[in-house]
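Taking it in order: structure first as structure tokens, then the write-up.
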There are 2 protein chains.
Amino acid sequence: MATGRTHRPATRSRGIPEATVARLPLYLRALTALSERSVPTVSSEELAAAAGVNSAKLRKDFSYLGSYGTRGVGYDVEYLVYQISRELGLTQDWPVVIVGIGNLGAALANYGGFASRGFRVAALIDADPAMAGKPVAGIPVQHSDDLEKIIQDNGVSIGVIATPAGAAQAVCDRLVAAGVTSILNFAPTVLSVPDGVDVRKVDLSIELQILAFHEQRKAGEEAASDGGVPTAAARGESADQGPDGDMPAVMPA
Amino acid sequence: MATGRTHRPATRSRGIPEATVARLPLYLRALTALSERSVPTVSSEELAAAAGVNSAKLRKDFSYLGSYGTRGVGYDVEYLVYQISRELGLTQDWPVVIVGIGNLGAALANYGGFASRGFRVAALIDADPAMAGKPVAGIPVQHSDDLEKIIQDNGVSIGVIATPAGAAQAVCDRLVAAGVTSILNFAPTVLSVPDGVDVRKVDLSIELQILAFHEQRKAGEEAASDGGVPTAAARGESADQGPDGDMPAVMPA
DNA sequence: CAGTGTGAAATCTTTCACAGCG
DNA sequence: CGCTGTGAAAGATTTCACACTG
């Protein structure tokens, strides 16, 4: 399993680098906040600070989208919100199904960040018959027997898998067979999918392990430096946020 | 806000590239599965397939750790599990606190992937007095008034924030003041922290937006290419998985 | 003259391809 | 002989620094 291919030819979708695409949602969130405060324009410096990146990177990112700023002034907030939304495809409606309605699935169903973007939770699906009919976040849970029909009736192309690891691949196969071409996977498994299907993975324990690695490193350096003071701020590591260190890892077709 | 600094000195902790560190947990998971099936050795090709990466990358990654393989044979599973665990700092116990026990916090508390690695949920903290004392995943929820004491009594250095966005920065500040130096943030906000503190972010809506971008692109290309054959393999790309890039994403109640 | 847009340089990451070891 | 380990090439991303414009 695992896709057979050897590597990926740098799927730079249009001309926009993956790294840039991964940051657009970040900018969009910061811009939305500014928009709500009725701020009319921002400079690259200000917006970069709000998004947690540096300004050179931000300007470079925007340069892939076009020239949407005004020299000497900055960017028009509303205009930029629109341009980025369009670029990300958020001006259209994306019906999404969530499969696996445990604590995590319920948390996802309740997450407000969907509707506010172009996402709509079209259905919640679970394999437990006892869940069927129960409303979660105001949406009745449906049984997985009807998965294919639900996907087709709602024209769903994005699926979220929040099942236990053991069920993930089977659910994935059914979603793909039913027409889903993008999957967000929360199960701790490597999913195998045909070409043309995108998978992104979110893995809680992996994130913690990466933190542990750096944490361990800090402890070591501390000891190495001076005597005690386990106070933080020991070494100048700084903190970047966001998709930093590692990188994206998924790809399109 | 947003951390003041301009960027981050490429925290290549020892000699291990960030991109490699981000993949070690992936290898570890695959190796653990092999170990459970009592498989004694694996080749880079097999392990790479199981982890969803290509073998050249895997070999290069391992080369940063040392020469743990045997030419002509492969890698000893148990030995590699140990080496990677040690490198990631998982041979020691990491007490973790989760702040914000909504659906997401509960999902995290119940997540089995923690205990199996070196993580131990030392405490669950919530601001709602009504939650206090209630057991979640067998652990009684404590009120946030006692946050500092809990951190100190348990020697916690890693904190997980699963609160609503509005509360995240305040919680973060208290965690840091109490001695936490690594934070996993599920709230959709850019946290501002002093140097020396690591923050990793997981944001569900960002992941979906990235998928939407590629999904939109697919729709366009399909129409553009030829008439039919929506069979995969259209464009030659494949699906890589893993922490890719940036990462992550989820949200709170 | 403040602040964008962008070539060019510096870095980091991935991939190739093969020498060499068990 | 098979498979690891790794220089070197190729590619992607980030950062610099400054010309240029509103």
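Residue numbering restarts at 1 in every chain; chains get A, B, ... in the order shown in the structure tokens, and ligands count up from 1 in that same order.
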Wanna dump the chain D-chain B contacts at 12 Å for me, each residue with its shortest atom pair and the distance in Å to one decimal, counting only C-alpha atoms (C1' of nucleotides), ordered by chain and number, as CSV?
```
residue,atom,partner,partner_atom,distance
D:DC1,C1',B:Gly72,CA,8.0
D:DG2,C1',B:Gly72,CA,4.6
D:DC3,C1',B:Gly72,CA,4.1
D:DT4,C1',B:Arg71,CA,4.5
D:DG5,C1',B:Ser63,CA,6.7
D:DT6,C1',B:Lys60,CA,7.9
D:DG7,C1',B:Lys60,CA,11.6
D:DT13,C1',B:Gly245,CA,11.7
D:DT14,C1',B:His7,CA,10.2
D:DT15,C1',B:His7,CA,9.8
```
How large is the C-alpha RMSD when chain B is optimally fitted onto chain A, using all Cα positions paired one-to-one in sequence order? 3.3 Å
If you run DSSP over the backbone, which residues in segment 47-185 of chain A end up strand (DSSP E)? Put them as a CSV table (one decimal) with C-alpha atoms, in the first residue's frame.
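The new file states36.csv reads:
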```
chain,number,residue,atom,x,y,z
A,69,GLY,CA,-1.4,46.5,-2.7
A,70,THR,CA,-0.8,50.2,-3.0
A,74,GLY,CA,-0.6,49.0,2.1
A,75,TYR,CA,-3.4,46.6,1.3
A,76,ASP,CA,-7.2,47.2,1.2
A,94,TRP,CA,-18.4,23.1,0.1
A,95,PRO,CA,-20.6,20.4,1.6
A,96,VAL,CA,-18.5,18.3,4.0
A,97,VAL,CA,-19.3,15.0,5.7
A,98,ILE,CA,-17.8,14.0,9.0
A,99,VAL,CA,-17.5,10.2,9.6
A,119,PHE,CA,-17.9,24.9,4.5
A,120,ARG,CA,-21.2,23.4,5.4
A,121,VAL,CA,-21.5,20.2,7.4
A,122,ALA,CA,-23.8,18.3,5.1
A,123,ALA,CA,-24.0,15.1,7.2
A,124,LEU,CA,-22.6,13.3,10.2
A,125,ILE,CA,-22.1,9.6,9.8
A,126,ASP,CA,-21.4,6.9,12.4
A,135,PRO,CA,-28.7,15.2,16.8
A,136,VAL,CA,-25.2,16.5,17.3
A,139,ILE,CA,-27.6,17.7,12.8
A,140,PRO,CA,-29.0,14.1,13.1
A,141,VAL,CA,-26.4,11.4,12.9
A,142,GLN,CA,-26.9,8.9,10.1
A,143,HIS,CA,-25.8,5.3,9.9
A,158,ILE,CA,-14.6,16.6,0.9
A,159,GLY,CA,-14.7,14.1,3.7
A,160,VAL,CA,-13.5,14.2,7.3
A,161,ILE,CA,-12.5,11.0,8.9
A,182,SER,CA,-10.3,15.3,-0.7
A,183,ILE,CA,-10.0,13.8,2.7
A,184,LEU,CA,-9.0,15.3,6.1
A,185,ASN,CA,-7.8,12.4,8.2
```
Name the residues in contact with Val81 of chain A at a cut-off of 9 Å, using only C-alpha atoms (C1' of nucleotides), excluding same-chain residues fewer than 4 positions from it; report them as a PyMOL selection string. chain A and resi 27-29+31-32+35+76-77+85-86
For chain C versus chain A, which residues have an atom no more than 8 Å away, and what is each residue's nearest atom pair and distance in Å rounded to one decimal, using only C-alpha atoms (C1' of nucleotides), chain-then-number order, as JSON lines?
```
{"residue": "C:DC1", "atom": "C1'", "partner": "A:Gly72", "partner_atom": "CA", "distance": 7.8}
{"residue": "C:DA2", "atom": "C1'", "partner": "A:Gly72", "partner_atom": "CA", "distance": 4.6}
{"residue": "C:DG3", "atom": "C1'", "partner": "A:Gly72", "partner_atom": "CA", "distance": 4.2}
{"residue": "C:DT4", "atom": "C1'", "partner": "A:Arg71", "partner_atom": "CA", "distance": 4.5}
{"residue": "C:DG5", "atom": "C1'", "partner": "A:Ser63", "partner_atom": "CA", "distance": 6.7}
{"residue": "C:DT6", "atom": "C1'", "partner": "A:Lys60", "partner_atom": "CA", "distance": 7.9}
```
Just write the chosen residues, N, CA and C atoms (P, O5', C5', C4', C3', O3' and C1' of nucleotides), as a PDB file, in the first residue's frame.
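Below you can see part-v2.pdb, which holds the result:
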```
ATOM      1  P    DC C   1      11.585  62.811   3.141  1.00  0.00           P
ATOM      2  O5'  DC C   1      10.505  61.640   3.063  1.00  0.00           O
ATOM      3  C5'  DC C   1       9.273  61.706   3.749  1.00  0.00           C
ATOM      4  C4'  DC C   1       8.659  60.326   3.614  1.00  0.00           C
ATOM      5  C3'  DC C   1       9.736  59.245   3.861  1.00  0.00           C
ATOM      6  O3'  DC C   1       9.116  58.056   4.361  1.00  0.00           O
ATOM      7  C1'  DC C   1       8.837  58.967   1.764  1.00  0.00           C
ATOM      8  P    DA C   2       9.120  57.817   5.954  1.00  0.00           P
ATOM      9  O5'  DA C   2       7.787  56.963   6.051  1.00  0.00           O
ATOM     10  C5'  DA C   2       6.549  57.509   5.565  1.00  0.00           C
ATOM     11  C4'  DA C   2       5.731  56.396   4.953  1.00  0.00           C
ATOM     12  C3'  DA C   2       5.998  55.031   5.567  1.00  0.00           C
ATOM     13  O3'  DA C   2       4.757  54.342   5.624  1.00  0.00           O
ATOM     14  C1'  DA C   2       6.526  54.974   3.255  1.00  0.00           C
ATOM     15  P    DG C   3       4.661  52.898   6.159  1.00  0.00           P
ATOM     16  O5'  DG C   3       4.595  52.085   4.809  1.00  0.00           O
ATOM     17  C5'  DG C   3       3.507  52.311   3.915  1.00  0.00           C
ATOM     18  C4'  DG C   3       3.682  51.366   2.757  1.00  0.00           C
ATOM     19  C3'  DG C   3       4.008  49.941   3.201  1.00  0.00           C
ATOM     20  O3'  DG C   3       3.425  49.064   2.255  1.00  0.00           O
ATOM     21  C1'  DG C   3       5.705  50.698   1.831  1.00  0.00           C
ATOM     22  P    DT C   4       3.426  47.518   2.434  1.00  0.00           P
ATOM     23  O5'  DT C   4       3.351  47.102   0.903  1.00  0.00           O
ATOM     24  C5'  DT C   4       2.365  47.721   0.090  1.00  0.00           C
ATOM     25  C4'  DT C   4       2.801  47.691  -1.366  1.00  0.00           C
ATOM     26  C3'  DT C   4       2.916  46.286  -1.959  1.00  0.00           C
ATOM     27  O3'  DT C   4       2.390  46.313  -3.274  1.00  0.00           O
ATOM     28  C1'  DT C   4       4.994  47.404  -2.145  1.00  0.00           C
ATOM     29  P    DG C   5       1.987  44.967  -3.974  1.00  0.00           P
ATOM     30  O5'  DG C   5       3.313  44.675  -4.807  1.00  0.00           O
ATOM     31  C5'  DG C   5       3.619  45.509  -5.895  1.00  0.00           C
ATOM     32  C4'  DG C   5       4.923  45.060  -6.515  1.00  0.00           C
ATOM     33  C3'  DG C   5       5.002  43.566  -6.816  1.00  0.00           C
ATOM     34  O3'  DG C   5       5.623  43.434  -8.089  1.00  0.00           O
ATOM     35  C1'  DG C   5       6.815  44.191  -5.446  1.00  0.00           C
ATOM     36  P    DT C   6       5.836  42.044  -8.750  1.00  0.00           P
ATOM     37  O5'  DT C   6       7.397  41.833  -8.551  1.00  0.00           O
ATOM     38  C5'  DT C   6       8.312  42.764  -9.112  1.00  0.00           C
ATOM     39  C4'  DT C   6       9.712  42.305  -8.784  1.00  0.00           C
ATOM     40  C3'  DT C   6       9.927  40.804  -8.954  1.00  0.00           C
ATOM     41  O3'  DT C   6      11.209  40.606  -9.527  1.00  0.00           O
ATOM     42  C1'  DT C   6      10.611  41.440  -6.836  1.00  0.00           C
TER      43       DT C   6
END
```
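In terms of minimum interatomic distance to chain A, B:Pro25 ranks closest within B:Gly118, B:Gly105, B:Pro25, B:Gly166, counting only C-alpha atoms.
Residue nearest Pro17 of chain B within the list A:Ala50, A:Gln83, A:Arg200, A:Phe213: A:Phe213 [criterion: smallest interatomic distance, only C-alpha atoms].
Between atom CA of Leu211 of chain A and atom CA of Ala177 of chain B the separation is 18.3 Å.
Atom CA of Ile101 of chain A is found 10.6 Å from atom CA of Lys134 of chain A.
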I need the helix (DSSP H, G or I) residues of segment 38-144 of chain A per DSSP on the backbone, written as an MDAnalysis selection string. chainID A and resid 44:51 55:65 77:88 103:110 113:116 144
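Nearest-residue note for chain B: choosing from A:Ile151, A:Leu58, A:Leu24, A:Leu65, the minimum distance belongs to A:Leu24, counting only C-alpha atoms.
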